[in-house]
Amino acid sequence: MEIRPVRYDHPDAVTLDALVQQEYARRYGDDGDITPLAPEMFTPPRGTYLIAYDGTRPLATGGWRLQEDAAEGYEIGDAEIKRMFVLQEARGRGLARRILAALEADARAAGRTRMVLETGTKQPEALELYASSGYVMAEKKFGLYRTYEDSRCMAKSLVEHV
């Protein structure tokens, strides 16, 4: 298994993004995540986008982007996780946890101080993954879905406490 950085508009990223959108639509009964995203948002040092490959087959994905828009509830130093997804047949192998750790390390190296994410109540596996990885519910909700009842905003400090 190899985790590689790719552009957000790479063909494998586009394919996996379409699948995660289908998953969102299935779970929430809507059009998926309508958060505006562009490839340049995931270009270092302002972010990165990763895909886990088994040989040439893409199995999982996730990215982070710099996000400091105070009007949407973000803080200076925030890095936001987007598009965490693992193909159904590859789940249970620790891929999401490996991608999450790689994203955190990359954001920390880029000088980000807090990792944030938004997920929903209909994604219990995501809530469990993030909680078991040290994420807690954010004091203040952020992002496009911050006013939605089933939205859950989580955060984790990237600063090592001595």
# chains A, B, ... in the order shown; residues from 1 in each chain; ligands from 1
>>> residues_around(residues="A:Ala109", least_positions_apart="2", cutoff="12 Å", atoms="only C-alpha atoms", output="VMD selection string")
chain A and resid 44 to 48 79 102 to 107 111 to 114 158 to 159
>>> write_last_selection(atoms="N, CA and C atoms", output="PDB file, in the first residue's frame")
ATOM      1  N   PRO A  44       0.471  22.459  -2.104  1.00  0.00           N
ATOM      2  CA  PRO A  44       1.391  22.857  -1.039  1.00  0.00           C
ATOM      3  C   PRO A  44       1.935  24.265  -1.268  1.00  0.00           C
ATOM      4  N   PRO A  45       2.130  25.031  -0.224  1.00  0.00           N
ATOM      5  CA  PRO A  45       1.994  24.688   1.200  1.00  0.00           C
ATOM      6  C   PRO A  45       0.603  24.993   1.771  1.00  0.00           C
ATOM      7  N   ARG A  46      -0.371  25.285   0.926  1.00  0.00           N
ATOM      8  CA  ARG A  46      -1.718  25.643   1.378  1.00  0.00           C
ATOM      9  C   ARG A  46      -2.632  24.430   1.545  1.00  0.00           C
ATOM     10  N   GLY A  47      -2.094  23.245   1.288  1.00  0.00           N
ATOM     11  CA  GLY A  47      -2.871  22.025   1.417  1.00  0.00           C
ATOM     12  C   GLY A  47      -2.203  20.883   0.691  1.00  0.00           C
ATOM     13  N   THR A  48      -2.813  19.728   0.745  1.00  0.00           N
ATOM     14  CA  THR A  48      -2.344  18.569  -0.013  1.00  0.00           C
ATOM     15  C   THR A  48      -3.515  17.614  -0.198  1.00  0.00           C
ATOM     16  N   ALA A  79      -6.375  24.125   9.411  1.00  0.00           N
ATOM     17  CA  ALA A  79      -6.284  23.270   8.223  1.00  0.00           C
ATOM     18  C   ALA A  79      -7.551  22.431   8.243  1.00  0.00           C
ATOM     19  N   ALA A 102      -1.178  11.061   7.901  1.00  0.00           N
ATOM     20  CA  ALA A 102      -0.331  11.730   6.907  1.00  0.00           C
ATOM     21  C   ALA A 102      -0.786  13.170   6.683  1.00  0.00           C
ATOM     22  N   LEU A 103      -2.094  13.400   6.663  1.00  0.00           N
ATOM     23  CA  LEU A 103      -2.612  14.760   6.497  1.00  0.00           C
ATOM     24  C   LEU A 103      -2.232  15.631   7.687  1.00  0.00           C
ATOM     25  N   GLU A 104      -2.360  15.092   8.878  1.00  0.00           N
ATOM     26  CA  GLU A 104      -1.994  15.848  10.076  1.00  0.00           C
ATOM     27  C   GLU A 104      -0.509  16.210  10.058  1.00  0.00           C
ATOM     28  N   ALA A 105       0.347  15.256   9.716  1.00  0.00           N
ATOM     29  CA  ALA A 105       1.790  15.516   9.675  1.00  0.00           C
ATOM     30  C   ALA A 105       2.124  16.579   8.631  1.00  0.00           C
ATOM     31  N   ASP A 106       1.473  16.499   7.475  1.00  0.00           N
ATOM     32  CA  ASP A 106       1.728  17.463   6.412  1.00  0.00           C
ATOM     33  C   ASP A 106       1.265  18.864   6.816  1.00  0.00           C
ATOM     34  N   ALA A 107       0.082  18.957   7.414  1.00  0.00           N
ATOM     35  CA  ALA A 107      -0.436  20.262   7.847  1.00  0.00           C
ATOM     36  C   ALA A 107       0.449  20.856   8.941  1.00  0.00           C
ATOM     37  N   GLY A 111       2.968  24.419   9.033  1.00  0.00           N
ATOM     38  CA  GLY A 111       2.775  25.470  10.020  1.00  0.00           C
ATOM     39  C   GLY A 111       1.349  25.643  10.523  1.00  0.00           C
ATOM     40  N   ARG A 112       0.477  24.737  10.166  1.00  0.00           N
ATOM     41  CA  ARG A 112      -0.905  24.804  10.654  1.00  0.00           C
ATOM     42  C   ARG A 112      -0.935  24.384  12.116  1.00  0.00           C
ATOM     43  N   THR A 113      -1.828  24.990  12.905  1.00  0.00           N
ATOM     44  CA  THR A 113      -1.869  24.718  14.340  1.00  0.00           C
ATOM     45  C   THR A 113      -3.101  23.928  14.789  1.00  0.00           C
ATOM     46  N   ARG A 114      -4.126  23.868  13.920  1.00  0.00           N
ATOM     47  CA  ARG A 114      -5.337  23.125  14.289  1.00  0.00           C
ATOM     48  C   ARG A 114      -5.916  22.473  13.044  1.00  0.00           C
ATOM     49  N   LEU A 158      -2.754  20.698  16.471  1.00  0.00           N
ATOM     50  CA  LEU A 158      -1.567  20.144  15.816  1.00  0.00           C
ATOM     51  C   LEU A 158      -0.292  20.581  16.514  1.00  0.00           C
ATOM     52  N   VAL A 159      -0.448  21.337  17.591  1.00  0.00           N
ATOM     53  CA  VAL A 159       0.688  21.843  18.354  1.00  0.00           C
ATOM     54  C   VAL A 159       0.981  20.861  19.479  1.00  0.00           C
TER      55      VAL A 159
END
>>> select_by_dssp(residues="chain A", states="strand (DSSP E)", output="ChimeraX atom specification")
/A:2-5,47-54,57-66,78-86,114-120,136-137,151-157
>>> atom_distance(atom1="atom CA of A:Ala101", atom2="atom CA of A:Thr35")
23.2 Å
>>> residues_around(residues="stretch 51-65 of chain A", least_positions_apart="5", cutoff="7 Å", atoms="only C-alpha atoms", output="PyMOL selection string")
chain A and resi 1-6+12+41-42+46+79-87+90+95+99+103
>>> residues_around(residues="A:Asp78", least_positions_apart="2", cutoff="6 Å", atoms="only C-alpha atoms", output="list in words")
Gln67, Glu68, Glu75, Ile76, Arg112, Arg114 and Met115 of chain A
>>> write_last_selection(atoms="N, CA, C and O atoms", output="compact mmCIF listing (two decimals), in the first residue's frame")
# COMPACT_ATOMS: atom_id res chain seq x y z
N GLN A 67 -7.69 26.99 5.77
CA GLN A 67 -9.01 27.59 5.87
C GLN A 67 -9.04 28.49 7.09
O GLN A 67 -8.98 28.01 8.22
N GLU A 68 -9.10 29.80 6.85
CA GLU A 68 -9.06 30.76 7.95
C GLU A 68 -10.17 31.80 7.86
O GLU A 68 -10.09 32.84 8.48
N GLU A 75 -10.51 29.67 12.31
CA GLU A 75 -9.52 30.46 13.05
C GLU A 75 -8.20 30.50 12.29
O GLU A 75 -7.91 29.61 11.48
N ILE A 76 -7.40 31.49 12.60
CA ILE A 76 -6.05 31.58 12.04
C ILE A 76 -5.30 30.31 12.44
O ILE A 76 -5.32 29.91 13.60
N ARG A 112 0.48 24.74 10.17
CA ARG A 112 -0.90 24.80 10.65
C ARG A 112 -0.93 24.38 12.12
O ARG A 112 -0.16 23.53 12.54
N ARG A 114 -4.13 23.87 13.92
CA ARG A 114 -5.34 23.12 14.29
C ARG A 114 -5.92 22.47 13.04
O ARG A 114 -6.02 23.10 11.99
N MET A 115 -6.28 21.19 13.18
CA MET A 115 -6.96 20.48 12.10
C MET A 115 -8.43 20.48 12.45
O MET A 115 -8.81 20.18 13.58
>>> closest_residue(among="A:Gly32, A:Pro124, A:Glu23, A:Glu118", to="A:Cys153", atoms="only C-alpha atoms")
A:Glu118
>>> closest_residue(among="A:Thr121, A:Pro39, A:Ala96, A:Leu129", to="A:Glu149", atoms="only C-alpha atoms")
A:Thr121
>>> closest_residue(among="A:Tyr49, A:Tyr28, A:Phe142, A:Tyr135", to="A:Val14", atoms="only C-alpha atoms")
A:Tyr49
>>> atom_distance(atom1="atom CA of A:Gly73", atom2="atom CA of A:Glu139")
10.3 Å
>>> closest_residue(among="A:Asp9, A:Ile34, A:Leu117, A:Tyr130", to="A:Gln21", atoms="only C-alpha atoms")
A:Ile34
>>> select_by_dssp(residues="stretch 30-143 of chain A", states="alpha helix (DSSP H)", output="ChimeraX atom specification")
/A:95-109,124-132
>>> residues_around(residues="A:Asp150", least_positions_apart="2", cutoff="7 Å", atoms="only C-alpha atoms", output="mmCIF file with all heavy atoms, in the first residue's frame")
data_model
loop_
_atom_site.group_PDB
_atom_site.id
_atom_site.type_symbol
_atom_site.label_atom_id
_atom_site.label_comp_id
_atom_site.auth_asym_id
_atom_site.auth_seq_id
_atom_site.Cartn_x
_atom_site.Cartn_y
_atom_site.Cartn_z
ATOM 1 N N GLY A 120 -21.098 14.380 9.543
ATOM 2 C CA GLY A 120 -22.503 14.394 9.921
ATOM 3 C C GLY A 120 -22.907 13.197 10.746
ATOM 4 O O GLY A 120 -22.189 12.192 10.829
ATOM 5 N N THR A 121 -24.078 13.291 11.327
ATOM 6 C CA THR A 121 -24.581 12.245 12.202
ATOM 7 C C THR A 121 -24.836 10.937 11.464
ATOM 8 O O THR A 121 -24.872 9.880 12.082
ATOM 9 C CB THR A 121 -25.887 12.690 12.889
ATOM 10 O OG1 THR A 121 -26.848 13.030 11.880
ATOM 11 C CG2 THR A 121 -25.644 13.887 13.792
ATOM 12 N N TYR A 148 -26.542 23.457 9.996
ATOM 13 C CA TYR A 148 -27.337 22.236 9.840
ATOM 14 C C TYR A 148 -27.364 21.459 11.152
ATOM 15 O O TYR A 148 -26.330 21.280 11.794
ATOM 16 C CB TYR A 148 -26.761 21.350 8.734
ATOM 17 C CG TYR A 148 -26.991 21.866 7.334
ATOM 18 C CD1 TYR A 148 -26.558 23.128 6.942
ATOM 19 C CD2 TYR A 148 -27.640 21.087 6.383
ATOM 20 C CE1 TYR A 148 -26.771 23.597 5.650
ATOM 21 C CE2 TYR A 148 -27.860 21.541 5.091
ATOM 22 C CZ TYR A 148 -27.419 22.803 4.733
ATOM 23 O OH TYR A 148 -27.625 23.258 3.465
ATOM 24 N N ARG A 152 -21.633 17.958 12.390
ATOM 25 C CA ARG A 152 -20.747 17.844 13.540
ATOM 26 C C ARG A 152 -19.387 18.397 13.150
ATOM 27 O O ARG A 152 -18.746 17.891 12.221
ATOM 28 C CB ARG A 152 -20.605 16.388 13.996
ATOM 29 C CG ARG A 152 -21.908 15.765 14.473
ATOM 30 C CD ARG A 152 -22.416 16.442 15.748
ATOM 31 N NE ARG A 152 -23.673 15.900 16.208
ATOM 32 C CZ ARG A 152 -24.877 16.400 15.917
ATOM 33 N NH1 ARG A 152 -24.989 17.457 15.120
ATOM 34 N NH2 ARG A 152 -25.966 15.861 16.406
#
>>> closest_residue(among="A:Ala110, A:Leu50, A:Leu37, A:Leu100", to="A:Gly134", atoms="only C-alpha atoms")
A:Leu100
>>> atom_distance(atom1="atom CA of A:Asp17", atom2="atom CA of A:Gly94")
19.5 Å
>>> closest_residue(among="A:Leu16, A:Met137, A:Ala38, A:Leu66", to="A:Met154", atoms="only C-alpha atoms")
A:Met137
>>> decode(residues="stretch 140-160 of chain A", atoms="N, CA, C and O atoms", output="mmCIF file, in the first residue's frame")
data_model
loop_
_atom_site.group_PDB
_atom_site.id
_atom_site.type_symbol
_atom_site.label_atom_id
_atom_site.label_comp_id
_atom_site.auth_asym_id
_atom_site.auth_seq_id
_atom_site.Cartn_x
_atom_site.Cartn_y
_atom_site.Cartn_z
ATOM 1 N N LYS A 140 -17.068 26.042 18.575
ATOM 2 C CA LYS A 140 -17.847 26.868 17.658
ATOM 3 C C LYS A 140 -17.878 26.163 16.301
ATOM 4 O O LYS A 140 -16.842 25.785 15.772
ATOM 5 N N LYS A 141 -19.089 25.986 15.744
ATOM 6 C CA LYS A 141 -19.209 25.317 14.453
ATOM 7 C C LYS A 141 -18.680 26.218 13.338
ATOM 8 O O LYS A 141 -18.661 27.434 13.466
ATOM 9 N N PHE A 142 -18.262 25.601 12.249
ATOM 10 C CA PHE A 142 -17.645 26.320 11.138
ATOM 11 C C PHE A 142 -18.074 25.682 9.828
ATOM 12 O O PHE A 142 -18.623 24.588 9.790
ATOM 13 N N GLY A 143 -17.793 26.380 8.735
ATOM 14 C CA GLY A 143 -17.995 25.827 7.403
ATOM 15 C C GLY A 143 -19.393 26.017 6.852
ATOM 16 O O GLY A 143 -20.286 26.564 7.488
ATOM 17 N N LEU A 144 -19.549 25.552 5.645
ATOM 18 C CA LEU A 144 -20.790 25.715 4.895
ATOM 19 C C LEU A 144 -21.998 25.109 5.613
ATOM 20 O O LEU A 144 -23.098 25.639 5.563
ATOM 21 N N TYR A 145 -21.785 23.994 6.318
ATOM 22 C CA TYR A 145 -22.899 23.279 6.947
ATOM 23 C C TYR A 145 -23.053 23.586 8.436
ATOM 24 O O TYR A 145 -23.756 22.879 9.140
ATOM 25 N N ARG A 146 -22.432 24.653 8.917
ATOM 26 C CA ARG A 146 -22.429 24.948 10.352
ATOM 27 C C ARG A 146 -23.817 25.165 10.945
ATOM 28 O O ARG A 146 -24.004 24.994 12.148
ATOM 29 N N THR A 147 -24.797 25.541 10.132
ATOM 30 C CA THR A 147 -26.143 25.772 10.656
ATOM 31 C C THR A 147 -27.041 24.535 10.567
ATOM 32 O O THR A 147 -28.174 24.569 11.025
ATOM 33 N N TYR A 148 -26.542 23.457 9.996
ATOM 34 C CA TYR A 148 -27.337 22.236 9.840
ATOM 35 C C TYR A 148 -27.364 21.459 11.152
ATOM 36 O O TYR A 148 -26.330 21.280 11.794
ATOM 37 N N GLU A 149 -28.524 20.959 11.506
ATOM 38 C CA GLU A 149 -28.715 20.217 12.753
ATOM 39 C C GLU A 149 -27.836 18.965 12.827
ATOM 40 O O GLU A 149 -27.291 18.639 13.880
ATOM 41 N N ASP A 150 -27.700 18.241 11.702
ATOM 42 C CA ASP A 150 -26.943 16.984 11.739
ATOM 43 C C ASP A 150 -25.451 17.161 11.452
ATOM 44 O O ASP A 150 -24.720 16.189 11.338
ATOM 45 N N SER A 151 -24.988 18.391 11.367
ATOM 46 C CA SER A 151 -23.571 18.678 11.154
ATOM 47 C C SER A 151 -22.807 18.557 12.470
ATOM 48 O O SER A 151 -23.283 18.991 13.519
ATOM 49 N N ARG A 152 -21.633 17.958 12.390
ATOM 50 C CA ARG A 152 -20.747 17.844 13.540
ATOM 51 C C ARG A 152 -19.387 18.397 13.150
ATOM 52 O O ARG A 152 -18.746 17.891 12.221
ATOM 53 N N CYS A 153 -18.944 19.425 13.849
ATOM 54 C CA CYS A 153 -17.648 20.049 13.598
ATOM 55 C C CYS A 153 -16.681 19.600 14.680
ATOM 56 O O CYS A 153 -16.968 19.704 15.871
ATOM 57 N N MET A 154 -15.532 19.093 14.235
ATOM 58 C CA MET A 154 -14.545 18.548 15.155
ATOM 59 C C MET A 154 -13.197 19.218 14.916
ATOM 60 O O MET A 154 -12.936 19.730 13.825
ATOM 61 N N ALA A 155 -12.359 19.190 15.949
ATOM 62 C CA ALA A 155 -11.057 19.841 15.853
ATOM 63 C C ALA A 155 -10.023 19.082 16.683
ATOM 64 O O ALA A 155 -10.362 18.356 17.635
ATOM 65 N N LYS A 156 -8.769 19.271 16.273
ATOM 66 C CA LYS A 156 -7.635 18.669 16.993
ATOM 67 C C LYS A 156 -6.455 19.611 16.881
ATOM 68 O O LYS A 156 -6.127 20.085 15.790
ATOM 69 N N SER A 157 -5.816 19.875 18.002
ATOM 70 C CA SER A 157 -4.619 20.709 17.991
ATOM 71 C C SER A 157 -3.485 19.973 17.286
ATOM 72 O O SER A 157 -3.299 18.771 17.493
ATOM 73 N N LEU A 158 -2.754 20.698 16.471
ATOM 74 C CA LEU A 158 -1.567 20.144 15.816
ATOM 75 C C LEU A 158 -0.292 20.581 16.514
ATOM 76 O O LEU A 158 0.808 20.237 16.087
ATOM 77 N N VAL A 159 -0.448 21.337 17.591
ATOM 78 C CA VAL A 159 0.688 21.843 18.354
ATOM 79 C C VAL A 159 0.981 20.861 19.479
ATOM 80 O O VAL A 159 0.081 20.505 20.251
ATOM 81 N N GLU A 160 2.214 20.427 19.557
ATOM 82 C CA GLU A 160 2.600 19.500 20.614
ATOM 83 C C GLU A 160 2.699 20.249 21.926
ATOM 84 O O GLU A 160 3.324 21.306 22.014
#
